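Notes follow once the structure below has been shown.
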Amino acid sequence: MDVPKDQISTLIDLGLHNSAQMLVLLGDALFREREYRRAIHTYKQALQYYKTAKQNSTSTRSALSSNRSSSPNSFNISAINENEVKFKIASCHCSLSENRLALAEMEQINKGRNLQMNLLMGKLYRYSRNNRSAITCYKECLRQCPYVIEAIIALAELGVSVKDIVSLFPQTPNRSARVPFDCFDSSRWLQRYAEAQCCIASNDYKGGLELFSDLLQRFPNNIHLLLETAKVEAIIGKNDEAIMNFEKARSIDPYLVTYMDEYAMLLKIKSDSSKLNKLVHDLLVTDPTRPEVFVALSVLWERKDERGALSYADKSIRIDERHIPGYIMKGNLLLTLKRPEAAVVAFRVAQELRPDIRSYQGLVHSYLALSKIKEALYAAREAMKAMPQSAKALKLVGDVHASNSGGREKAKKFYESALRLEPGYLGAALALAELHVIEGRNGDAVTLLERYLKDWADDSLHVKLAQVFAATNMLQDALSHYQAALRINLQNEAAKKGLERLEKQMKGVDPDAPEDDEENEVEDADADQEETDLL
């Protein structure tokens, strides 16, 4: 960037341009080159030059009036927009994750904030947990333009009611006799969109999905609606529907990055390695600087190298410290690596940013791994209060009670309540079946699980049935279910180990007996005897 700077200095010396304007242009060039600190310095120079020039303008103009022969370029002070330059300085600080400095810069703009400025201030106030000021800024955004989706989502997440959000939208058409095209319709869909986001923010996922479905009928190929719908479906476990909507969005725009880490997690659950590899490759080509890309890389590496996967999750958080899937991924990896204390920290951060069922699940499982039953029960009850109509929240409370023998009867009630609320919830069915098996009710477990075979092509369902059949010595039935599980998911470790154990049982070999240890010990003894004889 030295050459343009020299050129600008030459132009300034020749008096062809006002230096404040040229410094602003240089700052813009530095910003585009991501030289943010140099850009900040240059913008501040521009402001200082302009301030000095304004202070001297009165005296110089009076001198000019008394001396008509002065060069016109000597006092050619063209105005710069100080608010715009301060906004650019704040944007540089944001790019450097210096949010406090960015907010201090923005607060110097007292009047004349445009839409971009209000949007940035809303974000910065939210980062600093000044929610009241954030709400004020986001509301001002909607007054300036009701179609700022980001502001609608932020207000919903900050707890503003639908009524208050909708009151900011234009309620009547123009006064002219001719009604603007689609005016009434636009106010209706905006209102329904705000309702959907408020439902999601209050963990009413079912209500939110219904509203998104209505909107998708009106805008069937809208990428934003497809992504929002898929994200919610992924959170509540509607994996097949979520994958379908993510793939539809990618078919419309193959360069999407937003929420693609959520899509990657679903592909891992489905063990679709080829699609996952292609997705990560496409994301790296599209934009390797986004946090979603590193979460997707973490998902890809989880099977190969859990520590490497953890480093990718950390990288996503360093890029964006408010990226929730990064914390969810990190927490799950830490649990797998048997580091539940660190997992608690990751899930807590995710919950503080925006609580959803996954952060509650992570907290409960982390506390159970630490044998902190009281804390686990508190987190599960917290989830149930936040999501009273969630079968997953009810199951979480059941999981805590099931962790000790004295709480199994309570656990059974919670699992049954979850199934009454959501009869198709396989997770609760599997947990209840496990309780039946522990208490010796294998027949009840089989009856319960077989009801789900018609609607669920799920490997974990077949594994659980195989385990129950194996425990009741129905080996042929167990074999068929292990094989069915592996047909669905070749990477299912529980199915592989179960099948190996079952084959030993079918051959009449004790599956718990050590394989070659005794033979190795005999061989070692013989070798020791031979060595003694030789000596």
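In the structure tokens, the first chain shown is A, the next is B, and so on; residue numbers restart at 1 for each chain, and ligands run from 1 in the order shown.
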Would you mind listing what lies within 12 Å of A:Arg113 as a PDB file with N, CA, C and O atoms, in the first residue's frame, with only C-alpha atoms counted and same-chain residues fewer than 4 positions away left out?
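Everything below was put into part-v6.pdb:
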ATOM      1  N   ASN A  81     -17.784  13.412   5.655  1.00  0.00           N
ATOM      2  CA  ASN A  81     -18.825  13.054   6.610  1.00  0.00           C
ATOM      3  C   ASN A  81     -18.156  12.438   7.843  1.00  0.00           C
ATOM      4  O   ASN A  81     -17.690  11.297   7.816  1.00  0.00           O
ATOM      5  N   GLU A  82     -18.097  13.217   8.925  1.00  0.00           N
ATOM      6  CA  GLU A  82     -17.399  12.758  10.127  1.00  0.00           C
ATOM      7  C   GLU A  82     -18.044  11.494  10.708  1.00  0.00           C
ATOM      8  O   GLU A  82     -17.348  10.599  11.188  1.00  0.00           O
ATOM      9  N   ASN A  83     -19.367  11.431  10.669  1.00  0.00           N
ATOM     10  CA  ASN A  83     -20.061  10.244  11.195  1.00  0.00           C
ATOM     11  C   ASN A  83     -19.669   8.991  10.427  1.00  0.00           C
ATOM     12  O   ASN A  83     -19.461   7.924  11.011  1.00  0.00           O
ATOM     13  N   GLU A  84     -19.578   9.130   9.090  1.00  0.00           N
ATOM     14  CA  GLU A  84     -19.191   7.982   8.265  1.00  0.00           C
ATOM     15  C   GLU A  84     -17.776   7.514   8.606  1.00  0.00           C
ATOM     16  O   GLU A  84     -17.503   6.316   8.670  1.00  0.00           O
ATOM     17  N   LYS A  86     -16.172   7.908  11.486  1.00  0.00           N
ATOM     18  CA  LYS A  86     -16.215   7.266  12.812  1.00  0.00           C
ATOM     19  C   LYS A  86     -16.800   5.858  12.711  1.00  0.00           C
ATOM     20  O   LYS A  86     -16.346   4.928  13.393  1.00  0.00           O
ATOM     21  N   PHE A  87     -17.801   5.710  11.868  1.00  0.00           N
ATOM     22  CA  PHE A  87     -18.385   4.380  11.631  1.00  0.00           C
ATOM     23  C   PHE A  87     -17.344   3.431  11.042  1.00  0.00           C
ATOM     24  O   PHE A  87     -17.250   2.259  11.426  1.00  0.00           O
ATOM     25  N   MET A 106     -18.566   4.563  18.242  1.00  0.00           N
ATOM     26  CA  MET A 106     -19.930   4.750  17.747  1.00  0.00           C
ATOM     27  C   MET A 106     -20.737   5.695  18.636  1.00  0.00           C
ATOM     28  O   MET A 106     -21.608   6.431  18.154  1.00  0.00           O
ATOM     29  N   GLU A 107     -20.464   5.686  19.947  1.00  0.00           N
ATOM     30  CA  GLU A 107     -21.228   6.540  20.859  1.00  0.00           C
ATOM     31  C   GLU A 107     -20.912   8.016  20.666  1.00  0.00           C
ATOM     32  O   GLU A 107     -21.622   8.872  21.188  1.00  0.00           O
ATOM     33  N   GLN A 108     -19.849   8.310  19.911  1.00  0.00           N
ATOM     34  CA  GLN A 108     -19.544   9.706  19.586  1.00  0.00           C
ATOM     35  C   GLN A 108     -20.472  10.248  18.494  1.00  0.00           C
ATOM     36  O   GLN A 108     -20.519  11.456  18.264  1.00  0.00           O
ATOM     37  N   ILE A 109     -21.187   9.331  17.817  1.00  0.00           N
ATOM     38  CA  ILE A 109     -22.136   9.754  16.778  1.00  0.00           C
ATOM     39  C   ILE A 109     -23.487   9.983  17.451  1.00  0.00           C
ATOM     40  O   ILE A 109     -24.247   9.047  17.716  1.00  0.00           O
ATOM     41  N   MET A 117     -25.327   2.183  10.809  1.00  0.00           N
ATOM     42  CA  MET A 117     -24.795   2.602  12.109  1.00  0.00           C
ATOM     43  C   MET A 117     -25.641   2.049  13.253  1.00  0.00           C
ATOM     44  O   MET A 117     -25.116   1.545  14.255  1.00  0.00           O
ATOM     45  N   ASN A 118     -26.954   2.129  13.126  1.00  0.00           N
ATOM     46  CA  ASN A 118     -27.834   1.597  14.171  1.00  0.00           C
ATOM     47  C   ASN A 118     -27.697   0.086  14.310  1.00  0.00           C
ATOM     48  O   ASN A 118     -27.727  -0.450  15.421  1.00  0.00           O
ATOM     49  N   LEU A 119     -27.519  -0.584  13.187  1.00  0.00           N
ATOM     50  CA  LEU A 119     -27.368  -2.033  13.227  1.00  0.00           C
ATOM     51  C   LEU A 119     -26.080  -2.419  13.955  1.00  0.00           C
ATOM     52  O   LEU A 119     -26.072  -3.330  14.796  1.00  0.00           O
ATOM     53  N   LEU A 120     -24.987  -1.722  13.646  1.00  0.00           N
ATOM     54  CA  LEU A 120     -23.715  -2.015  14.309  1.00  0.00           C
ATOM     55  C   LEU A 120     -23.795  -1.684  15.802  1.00  0.00           C
ATOM     56  O   LEU A 120     -23.319  -2.461  16.644  1.00  0.00           O
ATOM     57  N   MET A 121     -24.425  -0.571  16.139  1.00  0.00           N
ATOM     58  CA  MET A 121     -24.557  -0.207  17.552  1.00  0.00           C
ATOM     59  C   MET A 121     -25.395  -1.228  18.311  1.00  0.00           C
ATOM     60  O   MET A 121     -25.098  -1.562  19.459  1.00  0.00           O
ATOM     61  N   GLY A 122     -26.448  -1.737  17.668  1.00  0.00           N
ATOM     62  CA  GLY A 122     -27.262  -2.773  18.298  1.00  0.00           C
ATOM     63  C   GLY A 122     -26.431  -3.996  18.629  1.00  0.00           C
ATOM     64  O   GLY A 122     -26.511  -4.552  19.737  1.00  0.00           O
ATOM     65  N   CYS A 137     -31.675   0.436  19.571  1.00  0.00           N
ATOM     66  CA  CYS A 137     -31.018   0.547  18.261  1.00  0.00           C
ATOM     67  C   CYS A 137     -31.705  -0.331  17.216  1.00  0.00           C
ATOM     68  O   CYS A 137     -31.929   0.100  16.078  1.00  0.00           O
ATOM     69  N   GLU A 140     -34.914   1.158  16.087  1.00  0.00           N
ATOM     70  CA  GLU A 140     -34.672   2.265  15.161  1.00  0.00           C
ATOM     71  C   GLU A 140     -34.365   1.740  13.760  1.00  0.00           C
ATOM     72  O   GLU A 140     -34.771   2.337  12.757  1.00  0.00           O
ATOM     73  N   CYS A 141     -33.676   0.594  13.685  1.00  0.00           N
ATOM     74  CA  CYS A 141     -33.409  -0.044  12.384  1.00  0.00           C
ATOM     75  C   CYS A 141     -34.715  -0.348  11.656  1.00  0.00           C
ATOM     76  O   CYS A 141     -34.858  -0.069  10.457  1.00  0.00           O
ATOM     77  N   GLN A 144     -36.428   2.618  10.285  1.00  0.00           N
ATOM     78  CA  GLN A 144     -35.793   3.096   9.055  1.00  0.00           C
ATOM     79  C   GLN A 144     -36.073   2.176   7.871  1.00  0.00           C
ATOM     80  O   GLN A 144     -36.205   2.629   6.743  1.00  0.00           O
TER      81      GLN A 144
END
> With distances taken over only C-alpha atoms, which of A:Tyr147, A:Tyr50, A:Tyr36, A:Tyr452 is nearest to A:Glu98?
Replying inline: A:Tyr36
> Near A:Leu25, counting only C-alpha atoms, which residues have an atom at most 10 Å away, once you skip same-chain residues fewer than 2 positions from it, shown as a ChimeraX atom specification?
Replying inline: /A:8,19-23,27-31,39,42-43,46
> Do you have the atom CA of A:Ile89-atom CA of A:Glu33 distance handy?
Replying inline: 14.6 Å
>> Give me, as a list of chain:residue names, the residues of stretch 420-455 of chain A that a backbone DSSP run labels helix (DSSP H, G or I).
In response: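 Taking stretch 420-455 of chain A and keeping helix (DSSP H, G or I) only, one gets A:Arg420, A:Leu421, A:Leu426, A:Gly427, A:Ala428, A:Ala429, A:Leu430, A:Ala431, A:Leu432, A:Ala433, A:Glu434, A:Leu435, A:His436, A:Val437, A:Ile438, A:Asn442, A:Gly443, A:Asp444, A:Ala445, A:Val446, A:Thr447, A:Leu448, A:Leu449, A:Glu450.
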Same residues, N, CA, C and O atoms, saved as a JSON list (two decimals), in the first residue's frame:
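Resulting contents of part-v6.json:
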[["chain", "number", "residue", "atom", "x", "y", "z"],
["A", 420, "ARG", "N", -45.88, -39.49, 25.50],
["A", 420, "ARG", "CA", -47.26, -39.02, 25.35],
["A", 420, "ARG", "C", -47.27, -37.66, 24.63],
["A", 420, "ARG", "O", -48.13, -37.40, 23.79],
["A", 421, "LEU", "N", -46.29, -36.82, 24.97],
["A", 421, "LEU", "CA", -46.20, -35.51, 24.35],
["A", 421, "LEU", "C", -45.78, -35.61, 22.90],
["A", 421, "LEU", "O", -46.28, -34.90, 22.03],
["A", 426, "LEU", "N", -38.04, -41.14, 19.27],
["A", 426, "LEU", "CA", -37.29, -42.39, 19.41],
["A", 426, "LEU", "C", -36.35, -42.36, 20.60],
["A", 426, "LEU", "O", -36.15, -43.40, 21.27],
["A", 427, "GLY", "N", -35.75, -41.21, 20.89],
["A", 427, "GLY", "CA", -34.81, -41.13, 22.01],
["A", 427, "GLY", "C", -35.43, -41.55, 23.33],
["A", 427, "GLY", "O", -34.82, -42.30, 24.12],
["A", 428, "ALA", "N", -36.66, -41.09, 23.58],
["A", 428, "ALA", "CA", -37.36, -41.47, 24.81],
["A", 428, "ALA", "C", -37.72, -42.95, 24.80],
["A", 428, "ALA", "O", -37.66, -43.63, 25.84],
["A", 429, "ALA", "N", -38.09, -43.47, 23.64],
["A", 429, "ALA", "CA", -38.43, -44.89, 23.52],
["A", 429, "ALA", "C", -37.21, -45.77, 23.83],
["A", 429, "ALA", "O", -37.32, -46.78, 24.54],
["A", 430, "LEU", "N", -36.05, -45.40, 23.30],
["A", 430, "LEU", "CA", -34.83, -46.17, 23.56],
["A", 430, "LEU", "C", -34.45, -46.12, 25.04],
["A", 430, "LEU", "O", -34.02, -47.13, 25.62],
["A", 431, "ALA", "N", -34.61, -44.95, 25.66],
["A", 431, "ALA", "CA", -34.28, -44.81, 27.08],
["A", 431, "ALA", "C", -35.23, -45.65, 27.94],
["A", 431, "ALA", "O", -34.80, -46.31, 28.90],
["A", 432, "LEU", "N", -36.51, -45.62, 27.60],
["A", 432, "LEU", "CA", -37.49, -46.41, 28.35],
["A", 432, "LEU", "C", -37.23, -47.90, 28.17],
["A", 432, "LEU", "O", -37.33, -48.69, 29.12],
["A", 433, "ALA", "N", -36.88, -48.29, 26.94],
["A", 433, "ALA", "CA", -36.55, -49.70, 26.69],
["A", 433, "ALA", "C", -35.35, -50.14, 27.52],
["A", 433, "ALA", "O", -35.32, -51.26, 28.06],
["A", 434, "GLU", "N", -34.36, -49.28, 27.65],
["A", 434, "GLU", "CA", -33.18, -49.59, 28.47],
["A", 434, "GLU", "C", -33.58, -49.82, 29.93],
["A", 434, "GLU", "O", -33.06, -50.72, 30.59],
["A", 435, "LEU", "N", -34.51, -48.98, 30.41],
["A", 435, "LEU", "CA", -35.00, -49.19, 31.78],
["A", 435, "LEU", "C", -35.69, -50.54, 31.93],
["A", 435, "LEU", "O", -35.49, -51.25, 32.93],
["A", 436, "HIS", "N", -36.52, -50.91, 30.95],
["A", 436, "HIS", "CA", -37.19, -52.22, 30.97],
["A", 436, "HIS", "C", -36.17, -53.34, 31.06],
["A", 436, "HIS", "O", -36.33, -54.30, 31.83],
["A", 437, "VAL", "N", -35.11, -53.25, 30.28],
["A", 437, "VAL", "CA", -34.08, -54.29, 30.25],
["A", 437, "VAL", "C", -33.37, -54.38, 31.60],
["A", 437, "VAL", "O", -33.16, -55.47, 32.14],
["A", 438, "ILE", "N", -33.01, -53.22, 32.16],
["A", 438, "ILE", "CA", -32.31, -53.20, 33.46],
["A", 438, "ILE", "C", -33.15, -53.87, 34.54],
["A", 438, "ILE", "O", -32.62, -54.58, 35.40],
["A", 442, "ASN", "N", -37.69, -57.67, 29.57],
["A", 442, "ASN", "CA", -37.22, -57.72, 28.17],
["A", 442, "ASN", "C", -38.38, -57.75, 27.17],
["A", 442, "ASN", "O", -38.29, -57.15, 26.09],
["A", 443, "GLY", "N", -39.44, -58.46, 27.51],
["A", 443, "GLY", "CA", -40.60, -58.53, 26.61],
["A", 443, "GLY", "C", -41.22, -57.16, 26.38],
["A", 443, "GLY", "O", -41.57, -56.81, 25.25],
["A", 444, "ASP", "N", -41.33, -56.37, 27.47],
["A", 444, "ASP", "CA", -41.87, -55.01, 27.34],
["A", 444, "ASP", "C", -40.97, -54.15, 26.46],
["A", 444, "ASP", "O", -41.46, -53.33, 25.66],
["A", 445, "ALA", "N", -39.65, -54.36, 26.61],
["A", 445, "ALA", "CA", -38.70, -53.58, 25.80],
["A", 445, "ALA", "C", -38.87, -53.90, 24.32],
["A", 445, "ALA", "O", -38.91, -52.99, 23.47],
["A", 446, "VAL", "N", -38.99, -55.18, 23.99],
["A", 446, "VAL", "CA", -39.15, -55.59, 22.59],
["A", 446, "VAL", "C", -40.45, -55.05, 22.02],
["A", 446, "VAL", "O", -40.49, -54.50, 20.90],
["A", 447, "THR", "N", -41.55, -55.18, 22.77],
["A", 447, "THR", "CA", -42.85, -54.69, 22.31],
["A", 447, "THR", "C", -42.81, -53.20, 22.02],
["A", 447, "THR", "O", -43.33, -52.73, 20.99],
["A", 448, "LEU", "N", -42.16, -52.45, 22.92],
["A", 448, "LEU", "CA", -42.05, -51.00, 22.75],
["A", 448, "LEU", "C", -41.24, -50.64, 21.50],
["A", 448, "LEU", "O", -41.67, -49.84, 20.67],
["A", 449, "LEU", "N", -40.09, -51.29, 21.34],
["A", 449, "LEU", "CA", -39.20, -50.93, 20.24],
["A", 449, "LEU", "C", -39.74, -51.35, 18.88],
["A", 449, "LEU", "O", -39.55, -50.65, 17.88],
["A", 450, "GLU", "N", -40.41, -52.49, 18.84],
["A", 450, "GLU", "CA", -40.92, -52.97, 17.55],
["A", 450, "GLU", "C", -42.01, -52.06, 16.98],
["A", 450, "GLU", "O", -42.25, -52.04, 15.78]]
>> Give me the residues near stretch 384-387 of chain A as a ChimeraX atom specification, where near means some atom within 10 Å (using only C-alpha atoms) and where sequence neighbours in that chain fewer than 4 positions away do not count.
In response: /A:202-205,355-357,360,378-380,391-397
Expected file contents, prior selection, C-alpha atoms, as a PDB file, in the first residue's frame:
ATOM      1  CA  SER A 202     -39.002 -18.739  23.379  1.00  0.00           C
ATOM      2  CA  ASN A 203     -38.168 -22.390  22.478  1.00  0.00           C
ATOM      3  CA  ASP A 204     -41.594 -23.015  20.955  1.00  0.00           C
ATOM      4  CA  TYR A 205     -40.027 -24.879  18.051  1.00  0.00           C
ATOM      5  CA  PRO A 355     -30.173 -21.447  25.132  1.00  0.00           C
ATOM      6  CA  ASP A 356     -31.477 -24.363  23.119  1.00  0.00           C
ATOM      7  CA  ILE A 357     -32.027 -28.027  23.894  1.00  0.00           C
ATOM      8  CA  TYR A 360     -29.029 -28.223  28.090  1.00  0.00           C
ATOM      9  CA  TYR A 378     -31.072 -28.494  38.138  1.00  0.00           C
ATOM     10  CA  ALA A 379     -29.972 -28.088  34.490  1.00  0.00           C
ATOM     11  CA  ALA A 380     -32.598 -30.608  33.312  1.00  0.00           C
ATOM     12  CA  ALA A 391     -40.355 -34.023  24.948  1.00  0.00           C
ATOM     13  CA  LYS A 392     -36.560 -33.772  24.871  1.00  0.00           C
ATOM     14  CA  ALA A 393     -36.563 -31.653  28.029  1.00  0.00           C
ATOM     15  CA  LEU A 394     -38.744 -34.231  29.802  1.00  0.00           C
ATOM     16  CA  LYS A 395     -36.369 -36.993  28.716  1.00  0.00           C
ATOM     17  CA  LEU A 396     -33.435 -35.039  30.163  1.00  0.00           C
ATOM     18  CA  VAL A 397     -35.040 -35.068  33.615  1.00  0.00           C
TER      19      VAL A 397
END
> Within 10 Å of A:Leu142, counting only C-alpha atoms, which residues qualify if same-chain residues fewer than 3 places away don't, as a list in words?
Replying inline: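 Result of the neighbour search: Leu115, Asn118, Leu119, Cys137, Tyr138, Lys139, Cys145, Pro146, Tyr147, Val148, Ile149, Glu150, Ala151, Ile152, Ile165, Val166, Ser167, Leu168, Phe169 and Pro170 of chain A.
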Selection above as a file: N, CA, C and O atoms, as a PDB file, in the first residue's frame:
ATOM      1  N   LEU A 115     -28.963   3.512   8.862  1.00  0.00           N
ATOM      2  CA  LEU A 115     -29.348   2.132   9.158  1.00  0.00           C
ATOM      3  C   LEU A 115     -28.140   1.281   9.556  1.00  0.00           C
ATOM      4  O   LEU A 115     -28.175   0.546  10.555  1.00  0.00           O
ATOM      5  N   ASN A 118     -26.954   2.129  13.126  1.00  0.00           N
ATOM      6  CA  ASN A 118     -27.834   1.597  14.171  1.00  0.00           C
ATOM      7  C   ASN A 118     -27.697   0.086  14.310  1.00  0.00           C
ATOM      8  O   ASN A 118     -27.727  -0.450  15.421  1.00  0.00           O
ATOM      9  N   LEU A 119     -27.519  -0.584  13.187  1.00  0.00           N
ATOM     10  CA  LEU A 119     -27.368  -2.033  13.227  1.00  0.00           C
ATOM     11  C   LEU A 119     -26.080  -2.419  13.955  1.00  0.00           C
ATOM     12  O   LEU A 119     -26.072  -3.330  14.796  1.00  0.00           O
ATOM     13  N   CYS A 137     -31.675   0.436  19.571  1.00  0.00           N
ATOM     14  CA  CYS A 137     -31.018   0.547  18.261  1.00  0.00           C
ATOM     15  C   CYS A 137     -31.705  -0.331  17.216  1.00  0.00           C
ATOM     16  O   CYS A 137     -31.929   0.100  16.078  1.00  0.00           O
ATOM     17  N   TYR A 138     -32.048  -1.560  17.595  1.00  0.00           N
ATOM     18  CA  TYR A 138     -32.693  -2.464  16.635  1.00  0.00           C
ATOM     19  C   TYR A 138     -34.087  -1.962  16.256  1.00  0.00           C
ATOM     20  O   TYR A 138     -34.520  -2.099  15.107  1.00  0.00           O
ATOM     21  N   LYS A 139     -34.786  -1.378  17.214  1.00  0.00           N
ATOM     22  CA  LYS A 139     -36.101  -0.804  16.888  1.00  0.00           C
ATOM     23  C   LYS A 139     -35.955   0.345  15.893  1.00  0.00           C
ATOM     24  O   LYS A 139     -36.767   0.492  14.974  1.00  0.00           O
ATOM     25  N   CYS A 145     -36.137   0.854   8.167  1.00  0.00           N
ATOM     26  CA  CYS A 145     -36.445  -0.123   7.112  1.00  0.00           C
ATOM     27  C   CYS A 145     -37.015  -1.383   7.756  1.00  0.00           C
ATOM     28  O   CYS A 145     -36.299  -2.086   8.480  1.00  0.00           O
ATOM     29  N   PRO A 146     -38.292  -1.688   7.539  1.00  0.00           N
ATOM     30  CA  PRO A 146     -38.924  -2.824   8.227  1.00  0.00           C
ATOM     31  C   PRO A 146     -38.432  -4.194   7.760  1.00  0.00           C
ATOM     32  O   PRO A 146     -38.758  -5.206   8.378  1.00  0.00           O
ATOM     33  N   TYR A 147     -37.652  -4.224   6.684  1.00  0.00           N
ATOM     34  CA  TYR A 147     -37.218  -5.511   6.127  1.00  0.00           C
ATOM     35  C   TYR A 147     -35.842  -5.958   6.633  1.00  0.00           C
ATOM     36  O   TYR A 147     -35.247  -6.866   6.058  1.00  0.00           O
ATOM     37  N   VAL A 148     -35.343  -5.324   7.692  1.00  0.00           N
ATOM     38  CA  VAL A 148     -34.038  -5.726   8.236  1.00  0.00           C
ATOM     39  C   VAL A 148     -34.250  -6.980   9.087  1.00  0.00           C
ATOM     40  O   VAL A 148     -34.565  -6.921  10.278  1.00  0.00           O
ATOM     41  N   ILE A 149     -34.074  -8.133   8.443  1.00  0.00           N
ATOM     42  CA  ILE A 149     -34.336  -9.420   9.085  1.00  0.00           C
ATOM     43  C   ILE A 149     -33.473  -9.599  10.339  1.00  0.00           C
ATOM     44  O   ILE A 149     -33.933 -10.125  11.355  1.00  0.00           O
ATOM     45  N   GLU A 150     -32.226  -9.160  10.243  1.00  0.00           N
ATOM     46  CA  GLU A 150     -31.305  -9.301  11.377  1.00  0.00           C
ATOM     47  C   GLU A 150     -31.840  -8.591  12.621  1.00  0.00           C
ATOM     48  O   GLU A 150     -31.703  -9.086  13.747  1.00  0.00           O
ATOM     49  N   ALA A 151     -32.460  -7.439  12.426  1.00  0.00           N
ATOM     50  CA  ALA A 151     -33.022  -6.696  13.557  1.00  0.00           C
ATOM     51  C   ALA A 151     -34.229  -7.419  14.145  1.00  0.00           C
ATOM     52  O   ALA A 151     -34.406  -7.458  15.373  1.00  0.00           O
ATOM     53  N   ILE A 152     -35.063  -8.008  13.296  1.00  0.00           N
ATOM     54  CA  ILE A 152     -36.231  -8.761  13.777  1.00  0.00           C
ATOM     55  C   ILE A 152     -35.778  -9.941  14.634  1.00  0.00           C
ATOM     56  O   ILE A 152     -36.302 -10.176  15.731  1.00  0.00           O
ATOM     57  N   ILE A 165     -42.795  -5.647  18.124  1.00  0.00           N
ATOM     58  CA  ILE A 165     -42.036  -5.700  16.865  1.00  0.00           C
ATOM     59  C   ILE A 165     -42.926  -5.298  15.694  1.00  0.00           C
ATOM     60  O   ILE A 165     -42.550  -4.478  14.850  1.00  0.00           O
ATOM     61  N   VAL A 166     -44.135  -5.862  15.660  1.00  0.00           N
ATOM     62  CA  VAL A 166     -45.054  -5.597  14.547  1.00  0.00           C
ATOM     63  C   VAL A 166     -45.469  -4.126  14.517  1.00  0.00           C
ATOM     64  O   VAL A 166     -45.699  -3.557  13.447  1.00  0.00           O
ATOM     65  N   SER A 167     -45.530  -3.492  15.683  1.00  0.00           N
ATOM     66  CA  SER A 167     -45.923  -2.070  15.730  1.00  0.00           C
ATOM     67  C   SER A 167     -44.921  -1.173  14.999  1.00  0.00           C
ATOM     68  O   SER A 167     -45.244  -0.037  14.646  1.00  0.00           O
ATOM     69  N   LEU A 168     -43.708  -1.691  14.772  1.00  0.00           N
ATOM     70  CA  LEU A 168     -42.684  -0.920  14.069  1.00  0.00           C
ATOM     71  C   LEU A 168     -42.821  -1.016  12.557  1.00  0.00           C
ATOM     72  O   LEU A 168     -42.193  -0.255  11.826  1.00  0.00           O
ATOM     73  N   PHE A 169     -43.633  -1.961  12.074  1.00  0.00           N
ATOM     74  CA  PHE A 169     -43.828  -2.128  10.635  1.00  0.00           C
ATOM     75  C   PHE A 169     -44.831  -1.099  10.121  1.00  0.00           C
ATOM     76  O   PHE A 169     -45.710  -0.659  10.866  1.00  0.00           O
ATOM     77  N   PRO A 170     -44.744  -0.716   8.839  1.00  0.00           N
ATOM     78  CA  PRO A 170     -45.747   0.202   8.269  1.00  0.00           C
ATOM     79  C   PRO A 170     -47.118  -0.457   8.270  1.00  0.00           C
ATOM     80  O   PRO A 170     -47.275  -1.587   7.808  1.00  0.00           O
TER      81      PRO A 170
END
>> With distances taken over only C-alpha atoms, which residue among A:Glu503, A:Pro325, A:Leu419, A:Ser460 lies nearest A:Leu479?
In response: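 Of the candidates, the smallest distance to A:Leu479 is held by A:Glu503.
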>> For stretch 219-235 of chain A, find every residue with an atom within 10 Å (counting only C-alpha atoms), except residues of its own chain fewer than 2 positions away, and show them as a count of residues only.
In response: 47
>> Quick one: residues within 10 Å of A:Gly159, only C-alpha atoms, excluding same-chain residues fewer than 3 positions away - as a PyMOL selection string?
In response: chain A and resi 131+135+154-156+162+198+201-202
Next, the residues of the selection above should be written as a PDB file, in the first residue's frame with N, CA and C atoms.
ATOM      1  N   ASN A 131     -28.651  -4.745  27.025  1.00  0.00           N
ATOM      2  CA  ASN A 131     -29.773  -5.172  26.186  1.00  0.00           C
ATOM      3  C   ASN A 131     -30.776  -4.052  25.916  1.00  0.00           C
ATOM      4  N   ILE A 135     -31.890  -2.993  22.209  1.00  0.00           N
ATOM      5  CA  ILE A 135     -33.280  -3.010  21.742  1.00  0.00           C
ATOM      6  C   ILE A 135     -33.646  -1.668  21.091  1.00  0.00           C
ATOM      7  N   ALA A 154     -32.897 -10.329  16.194  1.00  0.00           N
ATOM      8  CA  ALA A 154     -32.258  -9.844  17.428  1.00  0.00           C
ATOM      9  C   ALA A 154     -33.304  -9.419  18.457  1.00  0.00           C
ATOM     10  N   LEU A 155     -34.332  -8.693  18.028  1.00  0.00           N
ATOM     11  CA  LEU A 155     -35.374  -8.251  18.956  1.00  0.00           C
ATOM     12  C   LEU A 155     -36.115  -9.441  19.554  1.00  0.00           C
ATOM     13  N   ALA A 156     -36.385 -10.454  18.729  1.00  0.00           N
ATOM     14  CA  ALA A 156     -37.052 -11.656  19.237  1.00  0.00           C
ATOM     15  C   ALA A 156     -36.186 -12.341  20.283  1.00  0.00           C
ATOM     16  N   VAL A 162     -43.989  -9.944  20.124  1.00  0.00           N
ATOM     17  CA  VAL A 162     -44.399  -9.843  18.717  1.00  0.00           C
ATOM     18  C   VAL A 162     -45.158  -8.540  18.488  1.00  0.00           C
ATOM     19  N   CYS A 198     -40.110 -15.124  17.180  1.00  0.00           N
ATOM     20  CA  CYS A 198     -40.426 -15.039  18.613  1.00  0.00           C
ATOM     21  C   CYS A 198     -40.725 -16.422  19.193  1.00  0.00           C
ATOM     22  N   ALA A 201     -37.327 -18.101  19.584  1.00  0.00           N
ATOM     23  CA  ALA A 201     -36.581 -17.497  20.695  1.00  0.00           C
ATOM     24  C   ALA A 201     -37.103 -17.963  22.050  1.00  0.00           C
ATOM     25  N   SER A 202     -38.412 -18.261  22.119  1.00  0.00           N
ATOM     26  CA  SER A 202     -39.002 -18.739  23.379  1.00  0.00           C
ATOM     27  C   SER A 202     -39.042 -20.265  23.445  1.00  0.00           C
TER      28      SER A 202
END
